[in-house]
file protein.cif (mmCIF, C-alpha atoms)
data_protein
#
loop_
_atom_site.label_atom_id
_atom_site.label_comp_id
_atom_site.auth_asym_id
_atom_site.auth_seq_id
_atom_site.Cartn_x
_atom_site.Cartn_y
_atom_site.Cartn_z
CA MET S 1 0.00 0.00 0.00
CA GLU S 2 2.92 2.33 0.68
CA TYR S 3 3.98 1.74 -2.91
CA LEU S 4 0.59 2.92 -4.18
CA ILE S 5 0.59 5.94 -1.85
CA GLU S 6 3.91 7.01 -3.41
CA TYR S 7 2.22 7.09 -6.83
CA GLY S 8 -0.35 9.63 -5.65
CA TYR S 9 -3.44 9.93 -7.82
CA ILE S 10 -2.48 6.98 -10.01
CA GLY S 11 -2.01 4.91 -6.87
CA VAL S 12 -5.46 5.99 -5.65
CA PHE S 13 -6.97 4.98 -9.00
CA ILE S 14 -5.27 1.56 -8.98
CA ALA S 15 -6.19 0.91 -5.33
CA ALA S 16 -9.82 1.91 -5.95
CA PHE S 17 -10.00 -0.29 -9.04
CA LEU S 18 -8.56 -3.30 -7.22
CA ALA S 19 -10.84 -2.74 -4.22
CA ALA S 20 -13.91 -2.86 -6.49
CA THR S 21 -12.99 -6.25 -7.89
CA ILE S 22 -13.12 -9.52 -6.02
CA LEU S 23 -9.66 -8.86 -4.54
CA PRO S 24 -9.67 -8.04 -0.82
CA PHE S 25 -8.16 -4.56 -0.85
CA SER S 26 -8.76 -1.28 0.98
CA SER S 27 -8.66 1.77 -1.21
CA GLU S 28 -9.47 3.98 1.77
CA VAL S 29 -6.02 3.37 3.26
CA VAL S 30 -4.29 4.50 0.08
CA LEU S 31 -6.68 7.43 -0.40
CA THR S 32 -6.13 8.57 3.18
CA GLY S 33 -2.35 8.29 2.82
CA VAL S 34 -2.37 10.35 -0.37
CA LEU S 35 -4.67 12.98 1.17
CA LEU S 36 -2.52 13.26 4.29
CA ALA S 37 0.56 13.63 2.08
CA GLY S 38 -0.99 16.87 0.80
CA ALA S 39 -2.76 15.83 -2.40
CA SER S 40 -5.60 17.95 -3.77
CA TYR S 41 -9.21 17.10 -2.98
CA TRP S 42 -10.80 16.89 -6.44
CA PRO S 43 -8.11 14.91 -8.24
CA CYS S 44 -8.28 12.36 -5.38
CA MET S 45 -12.06 12.27 -5.61
CA ILE S 46 -11.97 11.77 -9.38
CA ALA S 47 -9.23 9.10 -9.24
CA ALA S 48 -10.95 7.13 -6.45
CA THR S 49 -14.44 7.31 -7.95
CA ALA S 50 -13.30 6.52 -11.51
CA GLY S 51 -11.13 3.60 -10.43
CA ASN S 52 -13.79 2.11 -8.16
CA PHE S 53 -16.52 2.62 -10.77
CA LEU S 54 -14.48 0.91 -13.49
CA GLY S 55 -13.66 -1.95 -11.12
CA GLY S 56 -17.36 -2.35 -10.29
CA MET S 57 -18.32 -2.34 -13.96
CA THR S 58 -15.65 -4.99 -14.56
CA CYS S 59 -17.49 -7.20 -12.04
CA TYR S 60 -20.76 -6.43 -13.87
CA TRP S 61 -19.25 -7.46 -17.23
CA LEU S 62 -17.77 -10.61 -15.67
CA GLY S 63 -21.28 -11.49 -14.50
CA MET S 64 -22.54 -11.02 -18.04
CA LEU S 65 -20.14 -13.73 -19.18
CA GLY S 66 -22.18 -16.24 -17.18
CA LYS S 67 -24.94 -18.26 -18.79
CA ILE S 68 -28.56 -18.29 -17.69
CA GLU S 69 -28.59 -21.99 -18.50
CA TRP S 70 -26.30 -22.49 -15.48
CA ILE S 71 -29.06 -21.25 -13.16
CA GLU S 72 -31.50 -23.70 -14.73
CA LYS S 73 -29.09 -26.59 -14.50
CA TYR S 74 -27.38 -26.07 -11.13
CA LEU S 75 -30.02 -24.21 -9.14
CA LYS S 76 -32.90 -26.18 -10.68
CA MET S 77 -34.90 -23.05 -11.44
CA ASP S 78 -37.63 -22.91 -14.03
CA ARG S 79 -36.89 -20.73 -17.08
CA THR S 80 -40.13 -18.77 -16.52
CA LYS S 81 -39.03 -17.82 -13.00
CA ILE S 82 -35.62 -16.80 -14.29
CA ASP S 83 -37.23 -14.65 -16.98
CA ARG S 84 -39.46 -12.96 -14.36
CA VAL S 85 -36.48 -12.23 -12.11
CA GLN S 86 -34.52 -10.88 -15.07
CA GLN S 87 -37.45 -8.66 -16.07
CA TRP S 88 -37.76 -7.31 -12.52
CA VAL S 89 -34.01 -6.67 -12.31
CA GLN S 90 -34.02 -4.90 -15.68
CA GLN S 91 -36.94 -2.67 -14.69
CA LYS S 92 -36.45 -1.98 -10.98
CA GLY S 93 -33.54 -3.97 -9.64
CA SER S 94 -30.87 -2.17 -11.63
CA TRP S 95 -30.97 0.63 -9.06
CA THR S 96 -29.52 -1.77 -6.46
CA ALA S 97 -26.17 -1.07 -8.13
CA PHE S 98 -26.08 2.01 -5.89
CA PHE S 99 -25.10 -0.36 -3.05
CA VAL S 100 -22.17 -1.96 -4.88
CA PHE S 101 -19.87 0.14 -2.67
CA LEU S 102 -20.80 -1.96 0.37
CA PRO S 103 -17.95 -4.13 1.65
CA GLY S 104 -18.48 -7.86 1.43
CA VAL S 105 -21.64 -7.87 -0.70
CA GLY S 106 -20.89 -5.19 -3.28
CA ASP S 107 -18.95 -7.42 -5.63
CA PHE S 108 -21.69 -10.05 -5.46
CA ILE S 109 -24.34 -7.44 -6.31
CA ALA S 110 -22.34 -6.24 -9.33
CA VAL S 111 -21.72 -9.76 -10.65
CA ALA S 112 -25.36 -10.74 -10.05
CA LEU S 113 -26.65 -7.67 -11.90
CA GLY S 114 -24.43 -8.55 -14.85
CA PHE S 115 -25.44 -12.19 -14.74
CA LEU S 116 -29.14 -11.24 -14.72
CA ARG S 117 -28.58 -8.75 -17.57
CA ALA S 118 -29.68 -5.67 -15.62
CA ASN S 119 -30.00 -2.43 -17.59
CA VAL S 120 -26.39 -1.35 -18.05
CA TRP S 121 -27.17 2.38 -18.11
CA ILE S 122 -29.12 2.35 -14.86
CA VAL S 123 -26.48 0.10 -13.29
CA ALA S 124 -23.70 2.47 -14.38
CA LEU S 125 -25.50 5.59 -13.16
CA SER S 126 -26.48 4.03 -9.83
CA MET S 127 -23.07 2.49 -9.26
CA PHE S 128 -21.27 5.74 -10.07
CA ALA S 129 -23.50 7.72 -7.68
CA GLY S 130 -23.02 5.25 -4.83
CA LYS S 131 -19.27 5.13 -5.24
CA ALA S 132 -18.93 8.93 -5.57
CA ILE S 133 -20.98 9.49 -2.40
CA ARG S 134 -18.93 6.87 -0.57
CA TYR S 135 -15.63 8.58 -1.37
CA TRP S 136 -17.03 12.04 -0.70
CA VAL S 137 -18.15 10.94 2.78
CA TRP S 138 -14.80 9.24 3.44
CA MET S 139 -12.76 12.24 2.32
CA GLU S 140 -14.84 14.62 4.42
CA PHE S 141 -14.31 12.30 7.39
CA VAL S 142 -10.53 12.31 6.83
CA PHE S 143 -10.45 16.12 6.69
CA LYS S 144 -12.60 16.47 9.82
CA VAL S 145 -10.38 14.08 11.76
CA GLN S 146 -7.31 15.94 10.50
CA GLU S 147 -8.80 19.24 11.77
CA TRP S 148 -9.40 17.74 15.21
CA LEU S 149 -5.81 16.53 15.51
#
call {"tool": "encode", "arguments": {"input": "protein.cif", "output": "C-alpha cells"}}
result
Amino acid sequence: MEYLIEYGYIGVFIAAFLAATILPFSSEVVLTGVLLAGASYWPCMIAATAGNFLGGMTCYWLGMLGKIEWIEKYLKMDRTKIDRVQQWVQQKGSWTAFFVFLPGVGDFIAVALGFLRANVWIVALSMFAGKAIRYWVWMEFVFKVQEWL
C-alpha cells in the first residue's frame, strides 16, 4: 500500500479499481495516505471514484459472461421464473447497483446484476453515484479528523 501511496493519484486509482474487484483490498487506506501527504481534494475524488466505478463495472461485465442456463441446470430453477427475475431486475432492480460500494456484498451485487442482464445504463448511473458518495463521505471524514488533531 505504501507503494501505491507514493504514486499519488495513479495509486489511488489503482487501489480503488482493485478494491472494487473480487480482490480483498482497501482503497481507503491508500486514499487517506495520499490525502494526508498533501494531495488535492478533487483529483483524489476523481481518481478514487473513476477507479472504483471501473472496477465495479468490470465485475458487472464478468457477470454477463455467465450463462442463464447455469441457473437452470445447477439451481434447478424454471426458465419462466428466471425470466421474471430478469425482467424485474431490468426494470427496478438495476438501481440496487447504488449499493455496490458496500464491503463484502458489493462485488456479489455487481456480478449478479451482470449475470441477470440488468439495464447497463441504470447500473452504471447508480453504481457511479453510490461510489462517488462513498468517497465524498470518506474524504470529508478524513479532513474532519485531520482538523481535530
call {"tool": "atom_distance", "arguments": {"input": "protein.cif", "atom1": "CA of Ser94 (chain S)", "atom2": "CA of Lys81 (chain S)"}}
result
17.7 Å
call {"tool": "closest_residue", "arguments": {"input": "protein.cif", "among": "S:Ala112, S:Trp136, S:Ile14, S:Val123", "to": "Met64 (chain S)", "atoms": "all atoms listed in the file"}}
result
S:Ala112
call {"tool": "resolve_selection", "arguments": {"input": "protein.cif", "expression": "the PyMOL selection byres ((chain S and resi 58) around 12)", "output": "list of chain:residue names"}}
result
S:Phe17, S:Leu18, S:Ala19, S:Ala20, S:Thr21, S:Ile22, S:Gly51, S:Asn52, S:Phe53, S:Leu54, S:Gly55, S:Gly56, S:Met57, S:Cys59, S:Tyr60, S:Trp61, S:Leu62, S:Gly63, S:Met64, S:Leu65, S:Asp107, S:Ala110, S:Val111, S:Leu113, S:Gly114, S:Val120, S:Ala124, S:Met127
call {"tool": "resolve_selection", "arguments": {"input": "protein.cif", "expression": "the PyMOL selection byres ((chain S and resi 143-149) around 12)", "output": "PyMOL selection string"}}
result
chain S and resi 31-33+35-41+136-142
call {"tool": "write_last_selection", "arguments": {"input": "protein.cif", "atoms": "C-alpha atoms", "output": "mmCIF file, keeping the file's coordinate frame"}}
result
data_model
loop_
_atom_site.group_PDB
_atom_site.id
_atom_site.type_symbol
_atom_site.label_atom_id
_atom_site.label_comp_id
_atom_site.auth_asym_id
_atom_site.auth_seq_id
_atom_site.Cartn_x
_atom_site.Cartn_y
_atom_site.Cartn_z
ATOM 1 C CA LEU S 31 -6.680 7.430 -0.400
ATOM 2 C CA THR S 32 -6.130 8.570 3.180
ATOM 3 C CA GLY S 33 -2.350 8.290 2.820
ATOM 4 C CA LEU S 35 -4.670 12.980 1.170
ATOM 5 C CA LEU S 36 -2.520 13.260 4.290
ATOM 6 C CA ALA S 37 0.560 13.630 2.080
ATOM 7 C CA GLY S 38 -0.990 16.870 0.800
ATOM 8 C CA ALA S 39 -2.760 15.830 -2.400
ATOM 9 C CA SER S 40 -5.600 17.950 -3.770
ATOM 10 C CA TYR S 41 -9.210 17.100 -2.980
ATOM 11 C CA TRP S 136 -17.030 12.040 -0.700
ATOM 12 C CA VAL S 137 -18.150 10.940 2.780
ATOM 13 C CA TRP S 138 -14.800 9.240 3.440
ATOM 14 C CA MET S 139 -12.760 12.240 2.320
ATOM 15 C CA GLU S 140 -14.840 14.620 4.420
ATOM 16 C CA PHE S 141 -14.310 12.300 7.390
ATOM 17 C CA VAL S 142 -10.530 12.310 6.830
#
call {"tool": "atom_distance", "arguments": {"input": "protein.cif", "atom1": "CA of Ala48 (chain S)", "atom2": "CA of Phe115 (chain S)"}}
result
25.5 Å
call {"tool": "residues_around", "arguments": {"input": "protein.cif", "residues": "Ile122 (chain S)", "least_positions_apart": "6", "cutoff": "10 Å", "atoms": "all atoms listed in the file", "output": "list in words"}}
result
Gln90, Gln91, Lys92, Gly93, Ser94, Trp95, Thr96, Ala97, Phe98 and Phe128 of chain S
call {"tool": "residues_around", "arguments": {"input": "protein.cif", "residues": "Ile10 (chain S)", "least_positions_apart": "2", "cutoff": "12 Å", "atoms": "all atoms listed in the file", "output": "list in words"}}
result
Tyr3, Leu4, Ile5, Glu6, Tyr7, Gly8, Val12, Phe13, Ile14, Ala15, Ala16, Phe17, Ser27, Val30, Leu31, Val34, Ala39, Pro43, Cys44, Met45, Ile46, Ala47, Ala48, Ala50 and Gly51 of chain S
call {"tool": "closest_residue", "arguments": {"input": "protein.cif", "among": "S:Glu2, S:Tyr9, S:Leu23, S:Gly130", "to": "Gly104 (chain S)", "atoms": "all atoms listed in the file"}}
result
S:Leu23
call {"tool": "closest_residue", "arguments": {"input": "protein.cif", "among": "S:Tyr135, S:Trp70, S:Trp121, S:Phe25", "to": "Phe101 (chain S)", "atoms": "all atoms listed in the file"}}
result
S:Tyr135
call {"tool": "atom_distance", "arguments": {"input": "protein.cif", "atom1": "CA of Asn119 (chain S)", "atom2": "CA of Val89 (chain S)"}}
result
7.9 Å
call {"tool": "closest_residue", "arguments": {"input": "protein.cif", "among": "S:Ser26, S:Thr80, S:Gln87, S:Thr49", "to": "Ala132 (chain S)", "atoms": "all atoms listed in the file"}}
result
S:Thr49
call {"tool": "residues_around", "arguments": {"input": "protein.cif", "residues": "Ile82 (chain S)", "least_positions_apart": "3", "cutoff": "12 Å", "atoms": "all atoms listed in the file", "output": "MDAnalysis selection string"}}
result
chainID S and resid 67:73 75:79 85:89 115:117
